[in-house]
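Notes for the one structure printed next.
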Amino acid sequence: MSRTNNITASLHHRRVLVMGLGLHGGGIGVVKWLVAQGAKVTVTDLRSAEQLRSSLKQLQQLAVTFVLGRHRLSDFKRTDLVVKNPAVPSSSPYLTAARAAHIPIVSDIGFFVATCPAPIIGVTGSKGKTTTVRWLEHCARLAKVPVVLGGNVGISPLAALAKIKANTFVVLELSSWQLEDMAYLKRSPQIAVVTNILPEHLNRYSSYNAYAASKGLIVRWQKPTDITILNADNTRAAALAKKTRGQVWWFSAQPLSANRQGVWWTNGWWWLRQNGAVKKIASSKQCKIVGEHNYVNLAAGAAAALAWGIPLSVITKALVTFTGVADRLELVRTFQNRAWYNDTTATMPDAAVMALQTLHQRYHRVIIIAGGTDKKLRFVGLGRALQQHAAEVVLLPGTATNKIIATLKRQRNKKTYHLAASMVEAVKIAQALSKPGDAIVLSPGAASFGLFVHEFDRGKKFCAAVRRLR
């Protein structure tokens with residue numbers, strides 16, 4: 001795949017097959033960019049036109065051919081280039097057919113990284129990626145630095161490629177799938193951040209080790225002048241210090257040792273150690289978001305901003321003015337003295353545990369709406385957290401829910417739970433079980449497949465049901 005630069009330079013009149021339009025917006029950006037380059041674009045997606053209606057509406061004025069509700073092998077053999085959606089596994093028989101026909105397979109992130117004229121901050125991790133990149137975007141805007149955000153946030157950075165200069169602040173959120181898709185470039189971001197590596201997506205990967213290895217791709221091709229920023233508290237992330245050629249900086253929820261440079265949060269304050277000197281940066285008591293895990297995410301972002309060259313005074317201001325990200329412990333409404341939180345992006349058990357721990361510190365009682373589809377993960381830890389921190393448990397249907405129930409039944413003091421067939425019913429049950437002063441949180445700890453279009457659809461339906469309460 002060393003031909004990527006030649007490919008991106010000669011898209012005019014080339015036949016390009018986009019595999020997977022998707023619903024999050026990234027595919028839309030890819031198609032628009034390809035059309036603008038003069039490519040002859042065909043989009044193929046297993047979803048129907050009705051399912052993709054919102055995405056198709058944004059492309060209706062463009063000269064694009066659509067093959068929807070199916071894939072055709074012939075399309076993958078009679079094209080000049082395939083651009084795959086990150087969610088499509090490389091083992092797809094259609095991609096196998098393209099490879100057999102010697103058709104190059106690339107990704108939008110690959111296109112972007114191959115041609116971006118500015119240094120790139122790349123952020124990966126099992127949880128905390130979006131909060132970190134959104135904070136970095138916020139920080140750059142406060143610094144009045146031109147900023148481009150893209151990647152696994154539903155934004156293809158290709159749309160902004162033409163306006164990027166050498167001094168543009170470029171931030172990419174990179175999933176494990178996107179890192180795999182751009183591996184053929186043998187390039188790593190100049191500043192690579194790994195928030196954490198936890199068991200996740202084991203329905204896609206053969207093992208936890210295989211998943212962790214995909215995350216490690218972010219540092220594999222760093223140069224000695226590049227910077228790697230790692231979570232000192234996470235064993236898998238910290239182990240990448242031995243695999244990078246870049247300079248290693250750290251972040252943590254504990255004071256860093258004297259030989260480590262970086263940022264940490266502890267006892268309500270962010271601290272910095274740089275060139276041997278220690279400085280107190282800001283107090284999280286002034287922060288507009290909640291959760292110790294979020295304060296550690298911001299420590300990671302602060303380290304990356306410093307590495308890029310953002311002034312410390314701006315970073316200090318950014319830490320206390322950031323208002324957080326939708327769908328991540330987002331306060332939706334306070335109704336009848338009950339606080340309702342949307343944490344739909346908690347798609348793994350560890351994330352739901354963090355939400356419970358955070359809210360339990362602030363509220364006397366916490367009611368959780370959880371459950372969904374399993375990704376071959378373990379729920380023992382979530383079961384313990386439900387026992388310790390949840391006053392009431394409401395469960396949505398799904399294979400993960402079955403595992404949660406089995407875990408609860410194995411406990412000595414069996415935790416009661418309530419089953420709901422829909423989000424509307426779950427919200428009504430939670431409201432009926434709640435008392436004044438409670439927090440009620442949607443923090444599923446599982447995927448959304450089956451009952452919802454995706455996790456954001458799940459959060460949208462939760463917010464709508466909460467706002468309809470009277």
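Residues are referred to by chain and number: the chain letter is A, B, ... according to the order shown in the structure tokens, the number counts from 1 in that chain, and ligands are numbered separately from 1 in the order shown.
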**Prompt:** Got a sec: who's within 9 Å of Ala420 of chain A, counting only C-alpha atoms, leaving out chain neighbours fewer than 4 positions off, as an NGL selection string?
**Reply:** :A and (394-397 or 424-427 or 429)
**Request:** Using DSSP on the backbone coordinates, identify all residues within segment 117-249 of chain A classified as alpha helix (DSSP H); present the result as a ChimeraX atom specification.
**Result:** /A:129-142,176-181,208-216,235-238
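All residues of protein, DNA or RNA that reach within 7 Å of segment 349-363 of chain A, judged by only C-alpha atoms and not counting those fewer than 6 positions away in the chain, are Gly291, Phe379, Leu382, Ala385, His389, Asp438, Ala439, Ser443, Pro444, Gly445 and Ala446 of chain A.
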**Message:** For a quick check of understanding, using only C-alpha atoms, which of A:Ser252, A:Ser207, A:Ser55, A:Gln388 has the smallest distance to Ala302 of chain A?
**Reply:** A:Ser252
**Item:** Spatial neighbours of Thr168 of chain A, 9 Å, only C-alpha atoms, chain gap at least 5 places, as a PyMOL selection string
**Value:** chain A and resi 117-119+145-148+163
Write the residues you've just listed into a file as a compact mmCIF listing (two decimals), in the first residue's frame, and include C-alpha atoms for each of them.
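This is the output file selection_16.txt:
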```
# COMPACT_ATOMS: atom_id res chain seq x y z
CA PRO A 117 0.80 19.13 6.15
CA ALA A 118 0.57 19.71 9.93
CA PRO A 119 1.71 17.62 12.91
CA VAL A 145 -5.13 28.50 17.14
CA PRO A 146 -6.77 27.11 13.96
CA VAL A 147 -7.99 23.62 14.84
CA VAL A 148 -9.24 20.59 12.91
CA LYS A 163 -7.33 24.69 4.66
```
**Message:** as an MDAnalysis selection string, please: every residue in segment 312-409 of chain A that a backbone DSSP assignment puts in strand (DSSP E).
**Reply:** chainID A and resid 330:335 338:342 366:370 392:395
**Item:** Polymer residues at most 12 Å from Thr323 of chain A, only C-alpha atoms, same-chain spacing of 3 or more positions, as a list of chain:residue names
**Value:** A:Thr131, A:Arg134, A:Trp135, A:His138, A:Cys139, A:Gln286, A:Cys287, A:Lys288, A:Ile289, A:Val290, A:Asn294, A:Leu298, A:Ala318, A:Leu319, A:Val320, A:Ala326, A:Arg328, A:Leu329, A:Glu330, A:Leu331
With C-alpha atoms retained, export the selected residues as a PDB file, in the first residue's frame.
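Produced file out_39.pdb, reproduced below:
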```
ATOM      1  CA  THR A 131     -13.615  13.699  26.096  1.00  0.00           C
ATOM      2  CA  ARG A 134     -13.017  17.559  22.553  1.00  0.00           C
ATOM      3  CA  TRP A 135     -11.096  19.163  25.406  1.00  0.00           C
ATOM      4  CA  HIS A 138     -11.674  23.564  23.292  1.00  0.00           C
ATOM      5  CA  CYS A 139      -8.133  24.361  24.422  1.00  0.00           C
ATOM      6  CA  GLN A 286     -13.880  24.908  39.527  1.00  0.00           C
ATOM      7  CA  CYS A 287     -14.369  22.337  36.744  1.00  0.00           C
ATOM      8  CA  LYS A 288     -17.750  22.134  35.000  1.00  0.00           C
ATOM      9  CA  ILE A 289     -17.703  18.349  34.473  1.00  0.00           C
ATOM     10  CA  VAL A 290     -17.839  15.520  37.004  1.00  0.00           C
ATOM     11  CA  ASN A 294     -12.788  12.677  33.382  1.00  0.00           C
ATOM     12  CA  LEU A 298      -8.154  16.090  30.969  1.00  0.00           C
ATOM     13  CA  ALA A 318      -9.333  25.299  29.435  1.00  0.00           C
ATOM     14  CA  LEU A 319      -9.349  22.850  32.361  1.00  0.00           C
ATOM     15  CA  VAL A 320     -11.916  24.858  34.329  1.00  0.00           C
ATOM     16  CA  ALA A 326     -22.894  14.983  25.127  1.00  0.00           C
ATOM     17  CA  ARG A 328     -21.004  11.053  28.539  1.00  0.00           C
ATOM     18  CA  LEU A 329     -22.402  11.558  32.035  1.00  0.00           C
ATOM     19  CA  GLU A 330     -24.411  14.379  30.509  1.00  0.00           C
ATOM     20  CA  LEU A 331     -26.908  15.978  32.886  1.00  0.00           C
TER      21      LEU A 331
END
```
**Request:** Tell me which protein, DNA and RNA residues are within 10 Å of Thr44 of chain A, counting only C-alpha atoms, leaving out same-chain ones fewer than 4 positions away, and put them as an MDAnalysis selection string.
**Result:** chainID A and resid 17:21 65:72 75:76 84
Export of prior selection with C-alpha atoms as a compact mmCIF listing (two decimals), in the first residue's frame:
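What follows is the written file result.txt:
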```txt
# COMPACT_ATOMS: atom_id res chain seq x y z
CA LEU A 17 -16.09 2.30 -4.16
CA VAL A 18 -17.00 3.51 -0.66
CA MET A 19 -17.85 0.49 1.48
CA GLY A 20 -20.14 1.54 4.35
CA LEU A 21 -21.76 4.97 4.35
CA THR A 65 -24.20 5.74 -7.48
CA PHE A 66 -25.76 3.84 -4.56
CA VAL A 67 -25.95 0.08 -4.05
CA LEU A 68 -27.92 -0.35 -0.84
CA GLY A 69 -29.24 -3.29 1.15
CA ARG A 70 -26.52 -5.52 -0.26
CA HIS A 71 -22.96 -5.71 -1.57
CA ARG A 72 -22.15 -6.95 -5.08
CA ASP A 75 -18.38 -3.81 -7.62
CA PHE A 76 -15.31 -4.84 -5.63
CA LYS A 84 -13.67 1.06 3.65
```
**Prompt:** How far is it from atom CA of Lys129 of chain A to atom CA of Ala300 of chain A, in Å with one decimal?
**Reply:**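 Between atom CA of Lys129 of chain A and atom CA of Ala300 of chain A the gap is 9.8 Å.
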**For Ile121 of chain A: contacts at 7 Å, only C-alpha atoms, fewer than 4 positions along chain excluded, given as a PyMOL selection string** = chain A and resi 170-172+189-192
**Complete:** The distance between atom CA of Trp33 of chain A and atom CA of Lys57 of chain A is 16.3 Å
**Request:** Work out how far apart atom CA of Lys409 of chain A and atom CA of Met348 of chain A are and give it in Å to one decimal.
**Result:** 20.2 Å
**Complete:** Counting only C-alpha atoms, closest pick from A:Ser126, A:Thr416, A:Thr321, A:Thr115 relative to Arg187 of chain A is A:Thr115
**Prompt:** Closest to Val278 of chain A among A:Leu142, A:Ala36, A:Val366, A:Leu256, using only C-alpha atoms?
**Reply:** A:Leu256
